[in-house]
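To keep things clear, I will list the structure first and then write my remarks on it.
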Amino acid sequence: MSASTKPRVAVFKMASCDGCQLQILDAEEALLDLAGAINIVNFAEASSYMEPGPYDVTLVEGSISAPEQIEQVKEIREQSKFLIAIGACATSGGIQALRNTQDAGAFVRTIYPTPEYVKTLATSTPIADHVRVDLELTGCPIDRGQLLGALSALLAGAMPRISTSSVCVECKRRGYVCVLVAKGEPCLGPVTRTGCGALCPAFGRGCYGCFGPSQPPNTDALGRRLVDLGLPSKLVADKFRFITGWAPAFREAADAIADGRKDEEVAAP
Amino acid sequence: MRYLDREAFGKLVDALAGAGYDLIGPTVRDGAIVLDHIDGAEDLPSGVGEEQGPGTYRLTSRDDDMVFSWAHGPDAGKRFLFPAREVLCTAKRNDGQLTVECRPGDERPFAFVGLRSCDLHAIAVQDRVFLDADPHYARRRERALFIGVNCAVPGGTCFCTSMGTGPKCTIGFDLALTELPGGFVVEVSSPRGEQMIEVVRSREATEEEVRAAQAVTTEAEGQMGRSLDVADMPELLYRNREHPRWKDVAARCLACGNCTSACPTCFCHDIVEGMSITGDTATRTREWASCFSEEFSHIVGMEIRKSRESRYRQWLTHKFASWIDQFGTSGCVGCGRCITWCPVGIDVTEEITAIRATDGEVEVAEEVMAS
Ligand code: SF4
Ligand code: SF4
Ligand code: SF4
């Protein structure tokens with residue numbers, strides 16, 4: 001394909017750590033193939049050369065956390081045929097959404113010597129709260145294989161298929177010994193979406209929920225189980241509030257546990 | 001019946017490796033006795049035991065050097081004969097020419113060391129699904145060699161006696177061992193088994209050894225962690241499809257799919273098409289899937305089993321009831337793995353017992369039953 005007929009791809013970032021974009025740059029041998037198949041016309045992390053829209057495929061990393069990002073993301077949407085939100089921040093608000101239940105202004109006043117220079121929103125929210133998103137790739141960071149799979153599907157004219165099954169499904173495929181059953185480790189795998197390759201269980205640790213909630217998850221039942229394992233309710237709530245804690249299913253689970261409602265339900269006959 | 005001392009048994013295992021077999025046997029890894037590739041008898045879990053219960057598994061240590069005095073880990077033969085992820089076909093485009101390759105691979109044949117009776121029965125169940133339909137499975141299955149072990153210490157979640165599948169190996173093995181303190185009483189059941197045992201020093205088992213081996217089985221039969229009444233299957237579950245218990249279990253079930261993955265007979269899978277960025281190569285991969293995943297029932301734009309309740313009911317009813325109509329056998333061999341490896345300890349024997357206890361509490365309309 002000549003440069004002119006290759007799909008024009010752009011990568012933008014909002015509030016994020018750049019880790020997801022690094023997944024693209026780290027794609028190693030696939031990078032050359034990628035460069036041959038698509039025309040990356042705007043990717044500030046990789047090159048200062050930037051072309052204006054419109055774009056065939058746009059990847060947006062990061063959450064909406066500052067006032068100007070609201071306008072920015074709307075403009076990006078207008079310039080994009082197919083918009084993919086990438087990563088936990090772009091799909092659920094990210095770890096910075098921890099501030100959503102707190103007084104964000106107080107953080108700014110405590111941390112910055114001249115807080116008046118800092119313009120921030122009270123909340124950190126996912127891209128889909130502001131504009132239409134065509135595909136979400138979750139994860140902190142995203143899985144490179146999933147991204148390349150999505151791009152090659154789009155190149156072939158197919159809608160990418162992203163699994164919503166639990167991390168457990170992949171954990172068992174890979175033959176890892178379940179840390180929850182064999183060690184009593186708290187693990188969010190049963191309610192978290194697969195995508196990471198069950199990375200944490202592979203190293204004997206429980207899942208942190210980086211890829212967000214799986215198919216409608218039974219967070220109540222897992223929450224009760226984690227309490228049974230000896231974890232205080234507060235810690236269970238904090239587990240759900242972590243990397244993808246603002247995703248509705250995890251947020252509600254955390255609130256319910258923190259309110260003590262769950263404990264009462266367990267106690268009730 | 002033959003008798004092998006421990007040393008001769010070790011040599012037999014070594015001889016299999018020497019003959020080019022890929023040895024698959026139990027070994028300790030990450031806090032469990034798992035089935036894995038092993039190098040020889042020295043990798044077997046000597047002096048190790050285990051404790052299993054609903055949603056819990058712990059290794060224990062024994063003060064002897066018995067290598068098979070435990071029940072089973074999370075895996076059975078399924079992981080090797082029906083691997084969790086397998087490329088079935090690859091296609092390449094070269095100068096406008098398309099070549100498609102779907103031949104089974106040429107891996108070394110497996111020699112399974114120490115499969116349990118339930119595991120051997122589970123392979124017979126999966127044979128009915130794959131043997132005629134799938135050349136990849138058939139090739140691995142037909143070249144594999146099976147050394148079974150008669151269970152001495154059933155697990156806390158085992159109920160093979162209820163399902164008629166154990167604890168003594170009755171089908172699907174070339175050799176079956178009963179472990180005694182000094183060695184093994186060996187039942188030889190195939191010409192391949194005869195050849196195997198001929199390469200090492202064995203002798204006829206004494207009457208006393210044979211009696212001791214029988215006692216191991218008798219004692220194991222009395223130590224099942226669980227039991228299940230399977231009378232009136234499949235009808236029991238068919239007529240109780242609206243039983244309130246389904247809602248009850250759905251409130252506890254995570255729909256995580258661990259039960260189906262750990263089950264040695266569950267065969268459901270997904271076919272995933274992949275393509276390289278360049279569009280020059282494509283792969284068709286089969287991977288384990290679970291009826292507990294909502295996406296598994298995705299058909300033209302919608303999921304047909306959206307609720308956890310419908311998915312749990314689908315699984316249990318297929319396993320214990322409609323499997324009988326479909327394959328002429330129960331889909332359950334009573335291994336208890338789904339109970340142990342369920343993160344919240346849901347117990348199939350308890351669920352079925354609860355349904356039976358209030359059988360017919362909710363009547364299903366005639367026309368529904370007939371359709
Ligand atoms: S370790 Fe976690 S992800 Fe893996 S099977 Fe157990 S609960 Fe699921
Ligand atoms: S349903 Fe459970 S007990 Fe029965 S064979 Fe499967 S894992 Fe074993
Ligand atoms: S029964 Fe247990 S293992 Fe199976 S899907 Fe439900 S929670 Fe997971």
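Chain lettering (A, B, ...) mirrors the order of the structure tokens, residue numbering begins at 1 for each chain separately, and ligand numbering begins at 1 in order of display.
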May I ask you to extract the residues of chain B within 8 Å of chain A, using only C-alpha atoms, and to give them as an MDAnalysis selection string?
chainID B and resid 30:32 55:58 74 84:85 251:258 261:262 274:279 287:290 293:295 340:344
Can you write just those residues out, C-alpha atoms, as an mmCIF file, in the first residue's frame?
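Done, and the output landed in result.cif:
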```
data_model
loop_
_atom_site.group_PDB
_atom_site.id
_atom_site.type_symbol
_atom_site.label_atom_id
_atom_site.label_comp_id
_atom_site.auth_asym_id
_atom_site.auth_seq_id
_atom_site.Cartn_x
_atom_site.Cartn_y
_atom_site.Cartn_z
ATOM 1 C CA ASP B 30 3.338 -23.383 43.199
ATOM 2 C CA GLY B 31 1.693 -24.991 46.194
ATOM 3 C CA ALA B 32 -0.052 -27.841 44.415
ATOM 4 C CA GLY B 55 -12.749 -23.671 47.321
ATOM 5 C CA THR B 56 -9.624 -24.738 49.150
ATOM 6 C CA TYR B 57 -6.522 -26.797 48.460
ATOM 7 C CA ARG B 58 -3.422 -27.128 50.627
ATOM 8 C CA PRO B 74 -6.197 -29.145 39.193
ATOM 9 C CA ALA B 84 -5.945 -25.065 26.250
ATOM 10 C CA ARG B 85 -4.725 -23.242 23.165
ATOM 11 C CA ALA B 251 -26.209 -15.316 43.841
ATOM 12 C CA ARG B 252 -23.088 -17.190 44.942
ATOM 13 C CA CYS B 253 -21.580 -18.061 41.548
ATOM 14 C CA LEU B 254 -18.935 -15.724 40.127
ATOM 15 C CA ALA B 255 -19.384 -17.031 36.561
ATOM 16 C CA CYS B 256 -15.600 -17.172 36.508
ATOM 17 C CA GLY B 257 -15.379 -20.442 34.599
ATOM 18 C CA ASN B 258 -12.910 -22.196 36.906
ATOM 19 C CA SER B 261 -11.672 -25.323 33.051
ATOM 20 C CA ALA B 262 -10.800 -27.692 35.873
ATOM 21 C CA GLY B 274 -6.007 -14.107 13.926
ATOM 22 C CA MET B 275 -4.221 -12.217 11.243
ATOM 23 C CA SER B 276 -0.831 -10.611 11.012
ATOM 24 C CA ILE B 277 -0.631 -6.860 10.574
ATOM 25 C CA THR B 278 0.683 -7.361 7.056
ATOM 26 C CA GLY B 279 -2.286 -9.543 6.153
ATOM 27 C CA GLU B 287 -8.899 -22.262 22.960
ATOM 28 C CA TRP B 288 -10.715 -23.441 26.047
ATOM 29 C CA ALA B 289 -13.879 -21.463 26.595
ATOM 30 C CA SER B 290 -16.529 -21.607 29.290
ATOM 31 C CA SER B 293 -18.739 -16.559 30.014
ATOM 32 C CA GLU B 294 -21.506 -14.351 28.782
ATOM 33 C CA GLU B 295 -19.766 -13.976 25.412
ATOM 34 C CA THR B 340 -12.116 -27.666 45.009
ATOM 35 C CA TRP B 341 -11.128 -25.120 42.364
ATOM 36 C CA CYS B 342 -14.274 -22.992 42.576
ATOM 37 C CA PRO B 343 -13.045 -19.791 44.270
ATOM 38 C CA VAL B 344 -16.266 -19.636 46.292
#
```
Within 9 Å of ligand 2 (counting only C-alpha atoms and all ligand atoms), which residues show up? I'd like them as a PyMOL selection string.
chain B and resi 118-119+122+157-160+163+259-266+315-316+319-320+330-341+347-349
Let me see the file: selected residues, N, CA, C and O atoms, as a compact mmCIF listing (two decimals), in the first residue's frame.
```
# COMPACT_ATOMS: atom_id res chain seq x y z
N CYS B 118 -10.66 -41.74 37.70
CA CYS B 118 -11.59 -40.72 37.19
C CYS B 118 -11.01 -40.04 35.96
O CYS B 118 -11.73 -39.73 35.01
N ASP B 119 -9.68 -39.84 35.97
CA ASP B 119 -9.03 -39.20 34.83
C ASP B 119 -9.14 -40.07 33.57
O ASP B 119 -9.36 -39.57 32.47
N ALA B 122 -12.55 -39.89 32.33
CA ALA B 122 -12.78 -38.58 31.69
C ALA B 122 -12.26 -38.58 30.26
O ALA B 122 -12.87 -38.00 29.36
N THR B 157 -13.12 -33.76 48.17
CA THR B 157 -14.23 -33.43 47.27
C THR B 157 -14.54 -34.56 46.28
O THR B 157 -15.35 -34.39 45.38
N CYS B 158 -13.87 -35.70 46.45
CA CYS B 158 -14.07 -36.83 45.51
C CYS B 158 -15.40 -37.54 45.73
O CYS B 158 -15.84 -37.70 46.87
N PHE B 159 -16.02 -37.97 44.61
CA PHE B 159 -17.20 -38.84 44.73
C PHE B 159 -17.29 -39.82 43.56
O PHE B 159 -18.37 -40.11 43.05
N CYS B 160 -16.14 -40.38 43.18
CA CYS B 160 -16.11 -41.28 42.02
C CYS B 160 -16.93 -42.55 42.25
O CYS B 160 -17.51 -43.10 41.31
N MET B 163 -20.29 -42.15 41.02
CA MET B 163 -20.42 -42.06 39.57
C MET B 163 -19.97 -43.34 38.87
O MET B 163 -19.99 -43.43 37.64
N CYS B 259 -14.69 -23.83 37.21
CA CYS B 259 -15.22 -25.20 37.27
C CYS B 259 -15.10 -25.89 35.92
O CYS B 259 -14.66 -27.03 35.83
N THR B 260 -15.45 -25.17 34.86
CA THR B 260 -15.41 -25.80 33.53
C THR B 260 -13.97 -26.05 33.08
O THR B 260 -13.69 -27.04 32.43
N SER B 261 -13.07 -25.13 33.45
CA SER B 261 -11.67 -25.32 33.05
C SER B 261 -11.06 -26.50 33.80
O SER B 261 -10.29 -27.27 33.23
N ALA B 262 -11.38 -26.62 35.08
CA ALA B 262 -10.80 -27.69 35.87
C ALA B 262 -11.46 -29.03 35.57
O ALA B 262 -10.86 -30.08 35.79
N CYS B 263 -12.67 -29.01 35.05
CA CYS B 263 -13.38 -30.27 34.79
C CYS B 263 -12.69 -31.04 33.66
O CYS B 263 -12.47 -30.50 32.58
N PRO B 264 -12.38 -32.30 33.91
CA PRO B 264 -11.63 -33.07 32.91
C PRO B 264 -12.46 -33.49 31.71
O PRO B 264 -11.91 -34.02 30.74
N THR B 265 -13.78 -33.28 31.74
CA THR B 265 -14.59 -33.67 30.59
C THR B 265 -15.10 -32.47 29.80
O THR B 265 -15.47 -32.62 28.64
N CYS B 266 -15.16 -31.29 30.42
CA CYS B 266 -15.67 -30.11 29.71
C CYS B 266 -14.85 -29.88 28.44
O CYS B 266 -13.63 -29.82 28.51
N TRP B 315 -24.84 -25.35 32.69
CA TRP B 315 -23.66 -26.18 32.95
C TRP B 315 -24.05 -27.45 33.71
O TRP B 315 -23.75 -28.56 33.28
N LEU B 316 -24.73 -27.25 34.83
CA LEU B 316 -25.03 -28.40 35.67
C LEU B 316 -25.95 -29.39 34.95
O LEU B 316 -25.77 -30.61 35.04
N LYS B 319 -23.93 -31.21 32.22
CA LYS B 319 -22.97 -32.13 32.83
C LYS B 319 -23.62 -33.42 33.33
O LYS B 319 -23.16 -34.52 33.07
N PHE B 320 -24.70 -33.24 34.09
CA PHE B 320 -25.29 -34.40 34.78
C PHE B 320 -26.51 -34.99 34.08
O PHE B 320 -26.96 -36.06 34.46
N SER B 330 -22.81 -40.01 31.51
CA SER B 330 -22.82 -38.77 32.28
C SER B 330 -21.58 -37.96 31.91
O SER B 330 -20.55 -38.52 31.53
N GLY B 331 -21.68 -36.65 32.01
CA GLY B 331 -20.52 -35.81 31.75
C GLY B 331 -19.67 -35.64 33.00
O GLY B 331 -18.65 -34.96 32.97
N CYS B 332 -20.08 -36.26 34.10
CA CYS B 332 -19.34 -36.11 35.35
C CYS B 332 -18.71 -37.43 35.76
O CYS B 332 -19.39 -38.46 35.77
N VAL B 333 -17.43 -37.38 36.11
CA VAL B 333 -16.75 -38.58 36.59
C VAL B 333 -16.48 -38.53 38.10
O VAL B 333 -15.74 -39.35 38.63
N GLY B 334 -17.06 -37.53 38.76
CA GLY B 334 -16.97 -37.48 40.22
C GLY B 334 -15.61 -37.13 40.78
O GLY B 334 -15.29 -37.49 41.92
N CYS B 335 -14.81 -36.39 40.02
CA CYS B 335 -13.46 -36.08 40.50
C CYS B 335 -13.45 -34.99 41.56
O CYS B 335 -12.49 -34.86 42.31
N GLY B 336 -14.49 -34.16 41.57
CA GLY B 336 -14.56 -33.10 42.58
C GLY B 336 -13.73 -31.87 42.29
O GLY B 336 -13.67 -30.94 43.11
N ARG B 337 -13.08 -31.83 41.14
CA ARG B 337 -12.21 -30.67 40.85
C ARG B 337 -13.01 -29.37 40.80
O ARG B 337 -12.55 -28.32 41.25
N CYS B 338 -14.23 -29.44 40.24
CA CYS B 338 -15.01 -28.20 40.14
C CYS B 338 -15.35 -27.67 41.53
O CYS B 338 -15.58 -26.47 41.69
N ILE B 339 -15.39 -28.54 42.52
CA ILE B 339 -15.71 -28.10 43.89
C ILE B 339 -14.47 -27.48 44.53
O ILE B 339 -14.52 -26.39 45.09
N THR B 340 -13.35 -28.17 44.41
CA THR B 340 -12.12 -27.67 45.01
C THR B 340 -11.68 -26.35 44.38
O THR B 340 -11.31 -25.41 45.08
N TRP B 341 -11.74 -26.26 43.05
CA TRP B 341 -11.13 -25.12 42.36
C TRP B 341 -12.10 -23.99 42.10
O TRP B 341 -11.77 -23.02 41.41
N ASP B 347 -20.58 -26.39 45.35
CA ASP B 347 -20.42 -27.84 45.37
C ASP B 347 -21.55 -28.50 44.58
O ASP B 347 -22.72 -28.44 44.99
N VAL B 348 -21.22 -29.11 43.46
CA VAL B 348 -22.26 -29.72 42.60
C VAL B 348 -23.09 -30.75 43.36
O VAL B 348 -24.29 -30.86 43.14
N THR B 349 -22.45 -31.48 44.26
CA THR B 349 -23.20 -32.53 44.97
C THR B 349 -24.24 -31.89 45.89
O THR B 349 -25.36 -32.38 46.04
```
Pick the closest to Pro7 in chain A from A:Leu98, A:Val41, A:Cys200, A:Ala254: which is it, counting only C-alpha atoms?
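Using only C-alpha atoms, the shortest distance to Pro7 in chain A belongs to A:Val41.
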Run DSSP on the backbone and grab whatever in range 94-267 of chain A lands in helix (DSSP H, G or I); send it over as a PyMOL selection string.
chain A and resi 95-101+104-111+115-117+127-129+144-155+167-173+179-183+189-191+199-202+219-228+233-240+248-258+261-267
Nearest to ligand 1, restricted to only C-alpha atoms and all ligand atoms and choosing among A:Gly223, A:Gly260, A:Pro52, A:Pro201, comes out as A:Pro201
Skipping near chain neighbours, those fewer than 4 positions away, what residues fall within 8 Å of Thr161 in chain B using only C-alpha atoms, listed as a list in words?
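My list of contacting residues is Thr165, Gly166, Pro167, Glu221, Met224, Ser227 and Gly334 of chain B.
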Kindly export the residues of the current selection with all heavy atoms, as a PDB file, in the first residue's frame.
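Here's the written file out_34.pdb:
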```pdb
ATOM      1  N   THR B 165     -16.916 -44.538  38.660  1.00  0.00           N
ATOM      2  CA  THR B 165     -15.705 -44.279  37.869  1.00  0.00           C
ATOM      3  C   THR B 165     -14.414 -44.491  38.654  1.00  0.00           C
ATOM      4  O   THR B 165     -13.342 -44.126  38.188  1.00  0.00           O
ATOM      5  CB  THR B 165     -15.719 -42.828  37.358  1.00  0.00           C
ATOM      6  OG1 THR B 165     -15.903 -41.967  38.493  1.00  0.00           O
ATOM      7  CG2 THR B 165     -16.846 -42.590  36.366  1.00  0.00           C
ATOM      8  N   GLY B 166     -14.470 -45.075  39.822  1.00  0.00           N
ATOM      9  CA  GLY B 166     -13.256 -45.261  40.622  1.00  0.00           C
ATOM     10  C   GLY B 166     -13.593 -45.918  41.939  1.00  0.00           C
ATOM     11  O   GLY B 166     -14.737 -46.346  42.119  1.00  0.00           O
ATOM     12  N   PRO B 167     -12.637 -45.973  42.829  1.00  0.00           N
ATOM     13  CA  PRO B 167     -11.271 -45.434  42.784  1.00  0.00           C
ATOM     14  C   PRO B 167     -10.257 -46.373  42.109  1.00  0.00           C
ATOM     15  O   PRO B 167      -9.090 -46.018  41.979  1.00  0.00           O
ATOM     16  CB  PRO B 167     -10.930 -45.261  44.270  1.00  0.00           C
ATOM     17  CG  PRO B 167     -11.705 -46.354  44.954  1.00  0.00           C
ATOM     18  CD  PRO B 167     -12.962 -46.541  44.149  1.00  0.00           C
ATOM     19  N   GLU B 221     -12.515 -46.693  48.872  1.00  0.00           N
ATOM     20  CA  GLU B 221     -13.953 -46.605  48.597  1.00  0.00           C
ATOM     21  C   GLU B 221     -14.722 -46.058  49.799  1.00  0.00           C
ATOM     22  O   GLU B 221     -15.729 -45.372  49.640  1.00  0.00           O
ATOM     23  CB  GLU B 221     -14.516 -47.987  48.238  1.00  0.00           C
ATOM     24  CG  GLU B 221     -14.240 -48.378  46.798  1.00  0.00           C
ATOM     25  CD  GLU B 221     -14.477 -49.865  46.521  1.00  0.00           C
ATOM     26  OE1 GLU B 221     -14.757 -50.635  47.483  1.00  0.00           O
ATOM     27  OE2 GLU B 221     -14.382 -50.245  45.349  1.00  0.00           O
ATOM     28  N   MET B 224     -14.510 -41.630  50.538  1.00  0.00           N
ATOM     29  CA  MET B 224     -14.882 -40.566  49.597  1.00  0.00           C
ATOM     30  C   MET B 224     -15.296 -39.312  50.365  1.00  0.00           C
ATOM     31  O   MET B 224     -16.088 -39.389  51.313  1.00  0.00           O
ATOM     32  CB  MET B 224     -16.056 -41.023  48.733  1.00  0.00           C
ATOM     33  CG  MET B 224     -15.704 -42.104  47.736  1.00  0.00           C
ATOM     34  SD  MET B 224     -14.598 -41.489  46.452  1.00  0.00           S
ATOM     35  CE  MET B 224     -13.417 -42.841  46.370  1.00  0.00           C
ATOM     36  N   SER B 227     -20.600 -37.692  48.329  1.00  0.00           N
ATOM     37  CA  SER B 227     -21.361 -38.714  47.616  1.00  0.00           C
ATOM     38  C   SER B 227     -22.521 -38.021  46.915  1.00  0.00           C
ATOM     39  O   SER B 227     -22.885 -36.889  47.253  1.00  0.00           O
ATOM     40  CB  SER B 227     -21.876 -39.775  48.580  1.00  0.00           C
ATOM     41  OG  SER B 227     -22.851 -39.200  49.426  1.00  0.00           O
ATOM     42  N   GLY B 334     -17.062 -37.533  38.755  1.00  0.00           N
ATOM     43  CA  GLY B 334     -16.971 -37.481  40.216  1.00  0.00           C
ATOM     44  C   GLY B 334     -15.615 -37.132  40.780  1.00  0.00           C
ATOM     45  O   GLY B 334     -15.295 -37.494  41.916  1.00  0.00           O
TER      46      GLY B 334
END
```
Just list as a VMD selection string whatever in range 15-202 of chain B DSSP marks as strand (DSSP E).
chain B and resid 22 to 29 32 to 37 48 to 53 56 to 61 85 to 94 97 to 101 110 to 116 145 to 149 175 to 180 183 to 188
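Atom pair CA of Trp70 in chain B / CA of Gly53 in chain B has a distance of 13.3 Å (rounded to one decimal).
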Nearest to Ser307 in chain B by atom-to-atom distance, counting only C-alpha atoms, from B:Thr178, B:Cys291, B:Arg128, B:Phe327
B:Cys291
Calculated over only C-alpha atoms and all ligand atoms, which of the candidates A:Pro248, A:Pro232, A:Gly195, A:Pro160 has the smallest distance to ligand 1?
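Among A:Pro248, A:Pro232, A:Gly195, A:Pro160, it is A:Gly195 that comes nearest to ligand 1.
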Taking a cut-off of 12 Å and counting only C-alpha atoms, can you build a table that, for each residue of range 37-66 of chain A near range 138-144 of chain A, reports the nearest atom pair and how far apart they are in Å (one decimal), sorted by chain then residue number, as a Markdown table?
```
| residue | atom | partner | partner_atom | distance |
| --- | --- | --- | --- | --- |
| A:Leu59 | CA | A:Ile142 | CA | 11.7 |
| A:Val60 | CA | A:Thr138 | CA | 11.7 |
| A:Glu61 | CA | A:Ile142 | CA | 9.9 |
| A:Gly62 | CA | A:Cys140 | CA | 10.7 |
```
Within 9 Å of range 232-249 of chain B, counting only C-alpha atoms, which residues qualify if same-chain residues fewer than 3 places away don't, as an NGL selection string?
:B and (229 or 252-253 or 308-310 or 312-313 or 316-317 or 320-325 or 330 or 346 or 351-352 or 354-356 or 358-364 or 369)
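Closest to ligand 1 among A:Gly230, A:Pro113, A:Pro186, A:Pro67 is A:Pro186, based on only C-alpha atoms and all ligand atoms.
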Excluding range 127-130 of chain A and its own-chain neighbours fewer than 4 positions away, which residues fall within 7 Å of it when counting only C-alpha atoms? Please give them as a list in words.
Ser63, Ile64, Ala85, Ala90 and Thr91 of chain A
Show me, as a short mmCIF file (atom, residue, chain, number, x, y, z; two decimals) with N, CA and C atoms, in the first residue's frame, the residues that have an atom within 12 Å of Ala19 in chain B when counting only C-alpha atoms, minus same-chain residues fewer than 6 positions from it.
```cif
data_model
loop_
_atom_site.label_atom_id
_atom_site.label_comp_id
_atom_site.auth_asym_id
_atom_site.auth_seq_id
_atom_site.Cartn_x
_atom_site.Cartn_y
_atom_site.Cartn_z
N LEU B 12 11.54 -48.04 34.88
CA LEU B 12 10.49 -48.14 33.86
C LEU B 12 10.15 -46.75 33.31
N VAL B 13 10.04 -45.79 34.25
CA VAL B 13 9.74 -44.42 33.82
C VAL B 13 10.89 -43.87 32.96
N ARG B 108 6.20 -35.26 20.22
CA ARG B 108 6.49 -36.59 20.80
C ARG B 108 5.21 -37.13 21.43
N PRO B 109 5.03 -38.45 21.40
CA PRO B 109 3.84 -39.01 22.05
C PRO B 109 3.94 -38.87 23.58
N PHE B 110 2.80 -38.73 24.23
CA PHE B 110 2.78 -38.61 25.68
C PHE B 110 2.82 -39.98 26.35
N ALA B 111 3.51 -40.05 27.48
CA ALA B 111 3.35 -41.20 28.38
C ALA B 111 2.84 -40.61 29.69
N LEU B 145 0.43 -43.25 25.92
CA LEU B 145 0.53 -44.44 26.75
C LEU B 145 0.06 -44.07 28.17
N GLN B 195 4.92 -55.06 26.91
CA GLN B 195 6.25 -54.67 26.42
C GLN B 195 6.95 -53.76 27.41
N MET B 196 6.18 -52.83 27.96
CA MET B 196 6.76 -51.86 28.88
C MET B 196 7.38 -52.55 30.08
N VAL B 199 10.85 -54.52 29.99
CA VAL B 199 12.18 -53.90 29.95
C VAL B 199 12.80 -53.74 31.33
#
```
Quick one: residues within 9 Å of Glu273 in chain B, only C-alpha atoms, excluding same-chain residues fewer than 4 positions away - as number ranges by chain?
B: 282-286
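Shortest separation to Glu101 in chain B among B:Cys89, B:Gly20, B:Arg6, B:His269 occurs at residue B:Cys89, atoms counted being only C-alpha atoms.
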